[in-house]
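The file protein31.csv contains CSV, C-alpha atoms:
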```csv
chain,number,residue,atom,x,y,z
A,25,MET,CA,138.0,140.2,106.7
A,26,LYS,CA,136.5,143.5,107.8
A,27,ARG,CA,138.8,145.6,109.8
A,28,SER,CA,137.6,146.5,113.4
A,29,ILE,CA,137.4,150.2,113.9
A,30,LYS,CA,138.4,149.7,117.6
A,31,ALA,CA,141.8,148.4,116.3
A,32,LEU,CA,142.5,151.7,114.5
A,33,THR,CA,143.9,155.1,115.6
A,34,LEU,CA,142.0,158.2,114.5
A,35,GLU,CA,144.8,159.0,112.0
A,36,GLU,CA,144.5,155.5,110.5
A,37,PHE,CA,140.8,155.6,110.3
A,38,SER,CA,140.9,159.2,108.8
A,39,GLU,CA,143.2,157.9,106.1
A,40,ALA,CA,140.8,154.9,105.4
A,41,MET,CA,137.9,157.4,105.1
A,42,GLY,CA,139.9,159.4,102.5
A,43,ASN,CA,140.7,156.2,100.6
A,44,LEU,CA,137.0,155.5,100.4
A,45,GLY,CA,136.4,159.0,99.0
A,46,GLN,CA,134.9,160.3,102.2
A,47,PRO,CA,135.8,163.5,104.0
A,48,LYS,CA,138.4,162.7,106.7
A,49,TYR,CA,136.4,164.6,109.4
A,50,ARG,CA,133.8,161.8,109.3
A,51,ALA,CA,136.4,159.6,111.1
A,52,ALA,CA,136.1,161.9,114.2
A,53,GLN,CA,132.3,161.7,114.1
A,54,VAL,CA,132.4,157.9,114.0
A,55,PHE,CA,134.9,157.8,116.9
A,56,ARG,CA,132.6,160.1,119.0
A,57,TRP,CA,129.8,157.6,118.5
A,58,ILE,CA,132.0,154.7,119.6
A,59,TYR,CA,134.0,156.1,122.5
A,60,GLU,CA,131.8,158.9,123.8
A,61,LYS,CA,128.3,157.7,123.1
A,62,ARG,CA,129.3,154.0,123.2
A,63,LYS,CA,127.4,152.9,120.1
A,64,ASP,CA,128.3,149.6,118.5
A,65,ARG,CA,126.1,149.8,115.3
A,66,PHE,CA,126.7,152.1,112.4
A,67,GLU,CA,122.9,152.3,112.0
A,68,ASP,CA,122.7,154.2,115.3
A,69,MET,CA,125.1,157.0,114.1
A,70,SER,CA,122.3,159.3,113.1
A,71,ASP,CA,124.4,162.3,111.9
A,72,LEU,CA,126.1,160.2,109.3
A,73,PRO,CA,124.6,160.0,105.8
A,74,ALA,CA,122.8,156.7,105.1
A,75,PRO,CA,125.1,155.9,102.1
A,76,LEU,CA,128.2,156.3,104.4
A,77,ARG,CA,126.7,154.0,107.0
A,78,GLU,CA,126.2,151.4,104.3
A,79,ILE,CA,129.9,151.8,103.2
A,80,LEU,CA,131.0,151.5,106.8
A,81,ASN,CA,129.0,148.3,107.3
A,82,GLU,CA,130.6,146.8,104.2
A,83,GLU,CA,134.2,147.8,105.1
A,84,PHE,CA,134.4,147.7,108.9
A,85,SER,CA,133.2,146.0,112.0
A,86,ILE,CA,132.9,147.2,115.6
A,87,THR,CA,134.2,144.6,117.9
A,88,ARG,CA,131.9,143.8,120.8
A,89,LEU,CA,132.7,141.1,123.3
A,90,GLU,CA,130.0,138.8,124.5
A,91,THR,CA,129.7,138.4,128.2
A,92,VAL,CA,129.6,134.7,129.2
A,93,ARG,CA,129.7,135.2,132.9
A,94,THR,CA,129.9,137.9,135.6
A,95,ILE,CA,130.6,137.2,139.2
A,96,GLY,CA,130.9,139.5,142.2
A,97,SER,CA,133.0,139.3,145.4
A,98,LYS,CA,132.2,140.4,148.9
A,99,ASP,CA,134.8,143.2,148.5
A,100,THR,CA,132.8,144.4,145.4
A,101,THR,CA,135.5,143.1,143.0
A,102,GLN,CA,133.8,141.9,139.8
A,103,LYS,CA,135.1,139.4,137.4
A,104,PHE,CA,134.0,139.1,133.8
A,105,LEU,CA,134.4,136.2,131.3
A,106,PHE,CA,134.2,137.4,127.7
A,107,GLU,CA,133.7,135.3,124.6
A,108,LEU,CA,135.6,136.3,121.4
A,109,HIS,CA,134.5,135.9,117.8
A,110,ASP,CA,136.2,132.5,117.5
A,111,GLY,CA,134.7,131.0,120.6
A,112,GLN,CA,137.8,131.5,122.7
A,113,SER,CA,137.4,133.4,126.0
A,114,VAL,CA,139.3,135.9,128.2
A,115,GLU,CA,138.9,137.4,131.6
A,116,SER,CA,138.9,140.9,133.1
A,117,VAL,CA,138.7,141.9,136.7
A,118,LEU,CA,137.3,145.2,138.0
A,119,ILE,CA,138.9,146.0,141.4
A,120,PRO,CA,137.7,148.8,143.7
A,121,ALA,CA,140.2,150.9,145.6
A,122,SER,CA,140.8,150.4,149.3
A,123,PRO,CA,140.3,153.6,151.3
A,124,ALA,CA,142.9,152.4,153.7
A,125,LEU,CA,145.5,152.3,150.9
A,126,TYR,CA,144.4,155.2,148.7
A,127,GLY,CA,142.7,157.7,151.0
A,128,ASP,CA,141.3,160.5,148.8
A,129,ALA,CA,141.8,158.4,145.7
A,130,ALA,CA,139.4,155.8,147.1
A,131,ASP,CA,137.2,156.3,144.0
A,132,ARG,CA,139.8,154.6,141.9
A,133,ARG,CA,138.4,151.7,139.8
A,134,THR,CA,141.1,149.5,138.4
A,135,LEU,CA,140.5,147.1,135.5
A,136,CYS,CA,142.8,144.2,135.1
A,137,ILE,CA,142.7,143.1,131.4
A,138,SER,CA,144.1,140.3,129.3
A,139,THR,CA,146.3,140.5,126.2
A,140,GLN,CA,146.4,136.8,125.2
A,141,VAL,CA,144.1,133.7,125.2
A,142,GLY,CA,146.1,131.5,127.6
A,143,CYS,CA,149.8,132.0,128.2
A,144,ALA,CA,153.0,130.3,126.8
A,145,TYR,CA,155.3,131.2,129.7
A,146,GLY,CA,154.1,128.5,132.1
A,147,CYS,CA,154.6,130.2,135.5
A,148,LYS,CA,154.1,127.2,137.8
A,149,PHE,CA,151.6,128.9,140.2
A,150,CYS,CA,149.3,130.5,137.5
A,151,ALA,CA,146.1,129.3,136.0
A,152,SER,CA,146.4,131.3,132.8
A,153,GLY,CA,148.8,128.8,131.1
A,154,LEU,CA,147.2,125.5,132.3
A,155,ASP,CA,145.3,125.1,129.1
A,156,GLY,CA,148.2,126.4,127.0
A,157,TRP,CA,148.6,129.4,124.7
A,158,LYS,CA,145.9,129.8,122.0
A,159,ARG,CA,146.5,133.2,120.4
A,160,ASN,CA,147.2,136.8,120.8
A,161,LEU,CA,144.4,139.3,121.2
A,162,ASP,CA,144.2,142.0,118.6
A,163,ALA,CA,144.1,145.7,119.6
A,164,SER,CA,140.3,145.9,119.3
A,165,GLU,CA,139.8,142.9,121.7
A,166,ILE,CA,142.1,144.5,124.3
A,167,VAL,CA,140.3,147.9,124.0
A,168,GLU,CA,136.8,146.4,124.1
A,169,GLN,CA,137.5,144.8,127.5
A,170,ILE,CA,137.4,148.3,129.0
A,171,LEU,CA,134.3,149.4,127.2
A,172,ALA,CA,132.6,146.1,128.1
A,173,ALA,CA,133.5,146.3,131.8
A,174,GLU,CA,132.1,149.8,132.0
A,175,ARG,CA,129.0,148.7,130.1
A,176,ILE,CA,128.3,145.9,132.6
A,177,SER,CA,129.3,147.6,135.8
A,178,GLY,CA,128.0,151.1,135.0
A,179,GLU,CA,131.2,152.5,136.4
A,180,LYS,CA,134.0,154.5,134.8
A,181,VAL,CA,137.4,152.7,134.7
A,182,ASN,CA,140.1,155.2,135.6
A,183,ASN,CA,143.0,152.9,136.3
A,184,LEU,CA,144.3,150.1,134.1
A,185,VAL,CA,146.6,147.2,134.7
A,186,PHE,CA,147.8,144.7,132.1
A,187,MET,CA,148.0,141.9,134.5
A,188,GLY,CA,145.3,139.6,133.2
A,189,MET,CA,145.7,136.5,131.1
A,190,GLY,CA,148.8,136.3,128.9
A,191,GLU,CA,152.2,138.1,128.8
A,192,PRO,CA,151.6,141.6,127.4
A,193,LEU,CA,155.1,142.1,126.1
A,194,ALA,CA,154.9,138.9,124.1
A,195,ASN,CA,152.0,140.6,122.1
A,196,PHE,CA,154.0,143.8,121.8
A,197,ASP,CA,152.6,145.3,118.6
A,198,ASN,CA,148.9,144.7,119.4
A,199,PHE,CA,149.5,145.8,123.0
A,200,MET,CA,151.1,149.1,121.9
A,201,GLN,CA,148.4,149.8,119.3
A,202,ALA,CA,145.7,149.2,122.0
A,203,LEU,CA,147.6,151.6,124.4
A,204,ARG,CA,147.6,154.4,121.8
A,205,ILE,CA,143.8,154.0,121.5
A,206,ILE,CA,143.3,153.7,125.3
A,207,ASN,CA,145.4,156.7,126.1
A,208,ALA,CA,144.2,159.1,123.3
A,209,PRO,CA,141.6,161.8,124.1
A,210,TRP,CA,139.6,160.7,121.0
A,211,GLY,CA,139.7,157.1,122.4
A,212,VAL,CA,139.1,155.7,125.9
A,213,GLY,CA,141.0,158.6,127.4
A,214,ILE,CA,142.9,157.0,130.3
A,215,GLY,CA,146.1,158.8,131.3
A,216,ALA,CA,149.4,157.1,130.6
A,217,ARG,CA,150.4,157.3,134.3
A,218,ARG,CA,147.3,155.5,135.2
A,219,ILE,CA,148.3,152.5,133.1
A,220,THR,CA,150.5,149.8,134.3
A,221,VAL,CA,151.9,146.9,132.3
A,222,SER,CA,153.1,143.8,134.2
A,223,THR,CA,155.6,141.4,132.6
A,224,SER,CA,157.1,138.1,133.8
A,225,GLY,CA,160.5,139.4,132.7
A,226,LEU,CA,160.9,139.7,128.9
A,227,VAL,CA,164.1,141.7,129.0
A,228,PRO,CA,164.4,142.9,125.3
A,229,GLN,CA,160.8,144.0,125.3
A,230,ILE,CA,161.2,145.9,128.6
A,231,ARG,CA,164.0,147.9,127.0
A,232,LYS,CA,161.9,148.4,123.8
A,233,LEU,CA,159.0,149.6,126.0
A,234,ALA,CA,161.4,152.0,127.8
A,235,ASP,CA,162.2,153.6,124.4
A,236,GLU,CA,158.5,154.3,123.7
A,237,PRO,CA,157.4,157.9,124.4
A,238,MET,CA,154.3,157.0,126.4
A,239,GLN,CA,154.8,157.3,130.2
A,240,ILE,CA,153.1,154.1,131.3
A,241,ARG,CA,154.2,152.4,134.4
A,242,LEU,CA,156.0,149.0,134.7
A,243,ALA,CA,155.4,146.2,137.1
A,244,ILE,CA,157.6,143.1,137.2
A,245,SER,CA,156.1,139.8,138.2
A,246,LEU,CA,159.1,138.9,140.3
A,247,HIS,CA,157.8,136.3,142.7
A,248,GLY,CA,161.3,135.1,143.6
A,249,ALA,CA,164.3,137.1,144.8
A,250,THR,CA,167.0,134.6,143.7
A,251,ASP,CA,167.6,132.7,140.4
A,252,GLU,CA,167.1,129.4,142.3
A,253,VAL,CA,163.5,130.2,143.3
A,254,ARG,CA,162.6,132.0,140.1
A,255,ASP,CA,163.9,129.1,138.0
A,256,ARG,CA,161.7,126.8,140.0
A,257,ILE,CA,158.4,128.7,139.5
A,258,MET,CA,159.0,130.9,136.5
A,259,PRO,CA,160.6,129.3,133.4
A,260,VAL,CA,161.2,132.6,131.8
A,261,ASN,CA,164.0,133.2,134.3
A,262,LYS,CA,166.1,130.5,132.6
A,263,LYS,CA,166.2,132.6,129.4
A,264,TYR,CA,166.4,136.0,131.2
A,265,PRO,CA,168.1,135.5,134.6
A,266,LEU,CA,167.5,137.9,137.5
A,267,GLN,CA,170.6,140.1,136.9
A,268,GLU,CA,169.6,140.8,133.3
A,269,LEU,CA,166.0,141.6,134.4
A,270,LEU,CA,167.3,144.0,137.1
A,271,GLU,CA,169.5,145.7,134.5
A,272,ALA,CA,166.5,146.1,132.2
A,273,CYS,CA,164.5,147.6,135.0
A,274,THR,CA,167.3,150.1,135.7
A,275,TYR,CA,167.2,151.1,132.0
A,276,PHE,CA,163.5,151.6,132.1
A,277,SER,CA,163.6,153.8,135.2
A,278,SER,CA,166.4,155.9,133.7
A,279,LYS,CA,164.3,156.5,130.6
A,280,LYS,CA,161.0,157.1,132.2
A,281,LYS,CA,162.1,158.8,135.4
A,282,GLN,CA,159.7,156.8,137.4
A,283,LYS,CA,159.7,153.9,139.9
A,284,VAL,CA,159.2,150.3,138.8
A,285,THR,CA,157.0,148.1,140.9
A,286,PHE,CA,157.8,144.5,141.9
A,287,GLU,CA,154.8,142.3,142.2
A,288,TYR,CA,155.6,139.4,144.6
A,289,ILE,CA,153.0,136.6,145.1
A,290,LEU,CA,153.7,135.0,148.5
A,291,ILE,CA,153.5,131.2,148.2
A,292,ASN,CA,153.7,129.2,151.4
A,293,GLU,CA,157.2,127.8,152.0
A,294,ILE,CA,158.3,128.5,148.4
A,295,ASN,CA,159.3,132.1,148.3
A,296,ASP,CA,158.1,133.5,151.7
A,297,GLY,CA,161.2,132.7,153.8
A,298,LEU,CA,163.8,135.0,155.4
A,299,ASP,CA,166.3,134.4,152.7
A,300,GLN,CA,163.9,135.6,150.0
A,301,ALA,CA,162.9,138.6,152.0
A,302,THR,CA,166.5,139.6,152.6
A,303,ALA,CA,167.4,139.2,148.9
A,304,LEU,CA,164.3,141.2,147.9
A,305,VAL,CA,165.3,144.0,150.2
A,306,LYS,CA,168.7,144.2,148.4
A,307,HIS,CA,167.1,144.4,144.9
A,308,ALA,CA,164.4,146.8,146.0
A,309,ARG,CA,166.9,149.2,147.6
A,310,LEU,CA,169.3,149.0,144.6
A,311,LEU,CA,166.5,149.9,142.1
A,312,ASN,CA,164.4,152.1,144.5
A,313,VAL,CA,161.3,150.2,143.6
A,314,LYS,CA,157.9,149.7,145.2
A,315,VAL,CA,156.9,146.2,146.3
A,316,ASN,CA,153.4,144.8,146.2
A,317,LEU,CA,153.1,141.6,148.2
A,318,ILE,CA,150.1,139.5,147.1
A,319,PRO,CA,149.1,136.4,149.1
A,320,TYR,CA,148.6,133.5,146.7
A,321,ASN,CA,145.1,132.8,145.3
A,322,SER,CA,144.8,129.1,145.4
A,323,VAL,CA,144.2,127.4,142.0
A,324,GLU,CA,142.4,124.0,141.7
A,325,GLY,CA,144.9,121.5,140.3
A,326,LEU,CA,148.0,123.2,141.6
A,327,PRO,CA,149.8,122.3,144.8
A,328,TRP,CA,150.8,125.8,146.0
A,329,LYS,CA,149.2,127.4,149.0
A,330,ARG,CA,148.7,130.8,150.6
A,331,PRO,CA,150.9,131.5,153.6
A,332,SER,CA,149.3,132.2,157.0
A,333,ILE,CA,148.7,135.8,158.0
A,334,THR,CA,151.6,135.4,160.4
A,335,ARG,CA,154.0,134.5,157.6
A,336,GLN,CA,152.7,137.2,155.4
A,337,ASP,CA,153.2,139.8,158.1
A,338,ALA,CA,156.7,138.6,159.0
A,339,PHE,CA,157.8,138.9,155.4
A,340,HIS,CA,156.2,142.3,155.1
A,341,ASP,CA,157.8,143.5,158.3
A,342,ILE,CA,161.3,142.6,157.1
A,343,LEU,CA,160.9,144.9,154.1
A,344,LYS,CA,159.4,147.7,156.1
A,345,ARG,CA,162.1,147.6,158.8
A,346,GLN,CA,164.7,148.0,156.0
A,347,GLY,CA,162.9,151.1,154.6
A,348,ILE,CA,161.3,149.4,151.5
A,349,GLN,CA,158.0,150.8,150.3
A,350,ALA,CA,155.9,147.7,150.5
A,351,THR,CA,152.2,146.9,150.8
A,352,ILE,CA,150.2,143.7,151.2
A,353,ARG,CA,147.3,143.4,148.8
A,354,ARG,CA,144.9,141.1,150.6
A,355,GLU,CA,141.5,139.6,149.7
A,356,LYS,CA,140.7,141.4,146.5
A,357,GLY,CA,138.5,138.8,144.8
A,358,HIS,CA,139.9,135.8,146.6
A,359,ASP,CA,136.4,134.4,147.2
A,360,ILE,CA,135.6,134.6,143.5
A,361,ALA,CA,138.9,133.1,142.2
A,362,ALA,CA,140.1,136.4,140.7
A,363,ALA,CA,143.6,135.1,139.9
A,364,CYS,CA,144.4,135.1,136.2
A,365,GLY,CA,142.7,132.4,134.2
A,366,GLN,CA,140.7,130.8,136.9
A,367,LEU,CA,137.2,131.7,135.6
A,368,ARG,CA,138.2,130.7,132.1
A,369,LEU,CA,139.4,127.3,133.3
A,370,GLN,CA,136.2,126.7,135.2
A,371,ASN,CA,134.2,127.6,132.2
A,372,LEU,CA,136.2,125.2,130.0
A,373,LYS,CA,135.6,122.4,132.6
A,374,ASP,CA,131.9,123.2,132.6
A,375,LYS,CA,131.7,122.9,128.8
A,376,ASP,CA,133.6,119.5,128.9
A,377,LEU,CA,131.2,118.3,131.6
A,378,GLN,CA,128.2,119.3,129.6
A,379,SER,CA,129.6,117.6,126.5
A,380,ASP,CA,130.2,114.4,128.5
A,381,GLN,CA,126.7,114.4,129.8
A,382,ALA,CA,125.3,114.9,126.3
A,383,CYS,CA,127.2,111.9,125.1
A,384,ILE,CA,126.0,109.8,128.0
A,385,ASN,CA,122.4,110.9,127.4
```

Just give me the structure as structure tokens.
Amino acid sequence: MKRSIKALTLEEFSEAMGNLGQPKYRAAQVFRWIYEKRKDRFEDMSDLPAPLREILNEEFSITRLETVRTIGSKDTTQKFLFELHDGQSVESVLIPASPALYGDAADRRTLCISTQVGCAYGCKFCASGLDGWKRNLDASEIVEQILAAERISGEKVNNLVFMGMGEPLANFDNFMQALRIINAPWGVGIGARRITVSTSGLVPQIRKLADEPMQIRLAISLHGATDEVRDRIMPVNKKYPLQELLEACTYFSSKKKQKVTFEYILINEINDGLDQATALVKHARLLNVKVNLIPYNSVEGLPWKRPSITRQDAFHDILKRQGIQATIRREKGHDIAAACGQLRLQNLKDKDLQSDQACIN
């Protein structure tokens, strides 16, 4: 198979050019066409000699995701469904900043991207794993989600979160390779401190990530402040219980010298009670973390529900009164089913329905 250039660092591609008998400086020229001028065809790279363009076509590919569907929300959130080369699909979500939360940084445009097709970790409230895990994305498929989102929206992504489909740290090598390309000035050029990776709690990989030099941010999909609740809704907790997870977070903070964030989806009468709020205060204070409260986005086929505004505010107030830095992230894409995996599931159902109708006809 041809290698995708978007899966290579500049150093790796320069070495490949040398192995093909080409000057290594040609690698930087190609990367400028791809990442600055956003060209996806070697034929368009006009300052390269024609024989070199032929060689590149023979040896390499330039990954380009096909857009299956784009939907917009009332709050200007956009959701994209991309088709991969093998017919599988993944989602990305472009989220505008809220002036009320970010003030002068209200021009922030955050892209939530995927690292796997489906998910093997089976969080009970999440749509990503309902159709099972299919495969990891390679580095080029991760990087291309950013370029594709900018191509479609006409907007520059300047904040990135790995909170889409899949568990990023379960695809560690491809994830890290993509990060190097995304962060590099010759690549996508997004600063490390504007990149956040979210994990359901893979303790060994959290420690491994802490030892990486890149200063990216870490968010923990906590969603339960006791083992009892986490065991019920997040099977990963049975392998890596809460105490082990908290110790890994402490290690990450000590290595990176930055705060960890707890992501906490509020699910009606499951994890939004006083006992969970009190336990969450204890953990947040011990680790000095930030807490993002996220009212649940309902998923067709799952029994979980979003708490009332009153219950959301009551939970939030407990944290605030105890001095915990906590925010409620409301209504970003709720009307377009922006939670992980929902658009992909709907597309799969539509395909099944079309197939059934074809059989009937």

For this session: For each of A:Arg335, A:Lys148, A:Lys158, A:Lys344, take the minimum atom-to-atom distance to Arg256 of chain A, counting all atoms listed in the file, then give the residue where this is smallest.
Result: A:Lys148

For this session: Work out how far atom CA of Phe199 of chain A is from atom CA of Ile240 of chain A, in Å to one decimal.
Result: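 So the answer is 12.3 Å.
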
Exercise. When you draw a straight line from atom CA of Pro237 of chain A to atom CA of Pro265 of chain A, how long is it in Å?
Worked result: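 Going from atom CA of Pro237 of chain A over to atom CA of Pro265 of chain A, I get 26.8 Å.
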
Problem set entry | Near-Phe84 of chain A list (10 Å; only C-alpha atoms; drop same-chain fewer than 4 positions) as a PyMOL selection string | chain A and resi 25-30+66+79-80

For this session: Name the residues in contact with Ala51 of chain A at a cut-off of 9 Å, using all atoms listed in the file, excluding same-chain residues fewer than 5 positions from it; report them as a PyMOL selection string.
Result: chain A and resi 34-35+37-41+56

Same residues, C-alpha atoms, saved as a tab-separated table (two decimals), in the coordinates of the input:
```
chain	number	residue	atom	x	y	z
A	34	LEU	CA	142.00	158.20	114.50
A	35	GLU	CA	144.80	159.00	112.00
A	37	PHE	CA	140.80	155.60	110.30
A	38	SER	CA	140.90	159.20	108.80
A	39	GLU	CA	143.20	157.90	106.10
A	40	ALA	CA	140.80	154.90	105.40
A	41	MET	CA	137.90	157.40	105.10
A	56	ARG	CA	132.60	160.10	119.00
```

Exercise. Which neighbours of segment 328-331 of chain A fall inside 8 Å, counting only C-alpha atoms, when residues of the same chain fewer than 3 positions from it are skipped, and could you give them as a ChimeraX atom specification?
Worked result: /A:149,290-293,296,319-323,334-336

For this session: Tell me which protein, DNA and RNA residues are within 12 Å of Leu76 of chain A, counting all atoms listed in the file, leaving out same-chain ones fewer than 3 positions away, and put them as a ChimeraX atom specification.
Result: /A:41,44-47,50-51,53-54,66-67,69-73,79-84

For this session: Kindly indicate which residue among A:His307, A:Leu266, A:Ile137, A:Arg175 lies nearest to Lys63 of chain A, using all atoms listed in the file for the distances.
Result: A:Arg175

Seminar exercise, completed: For Gly225 of chain A, the closest of A:Lys280, A:Phe286, A:Asn182, A:Ala208 counting only C-alpha atoms is A:Phe286
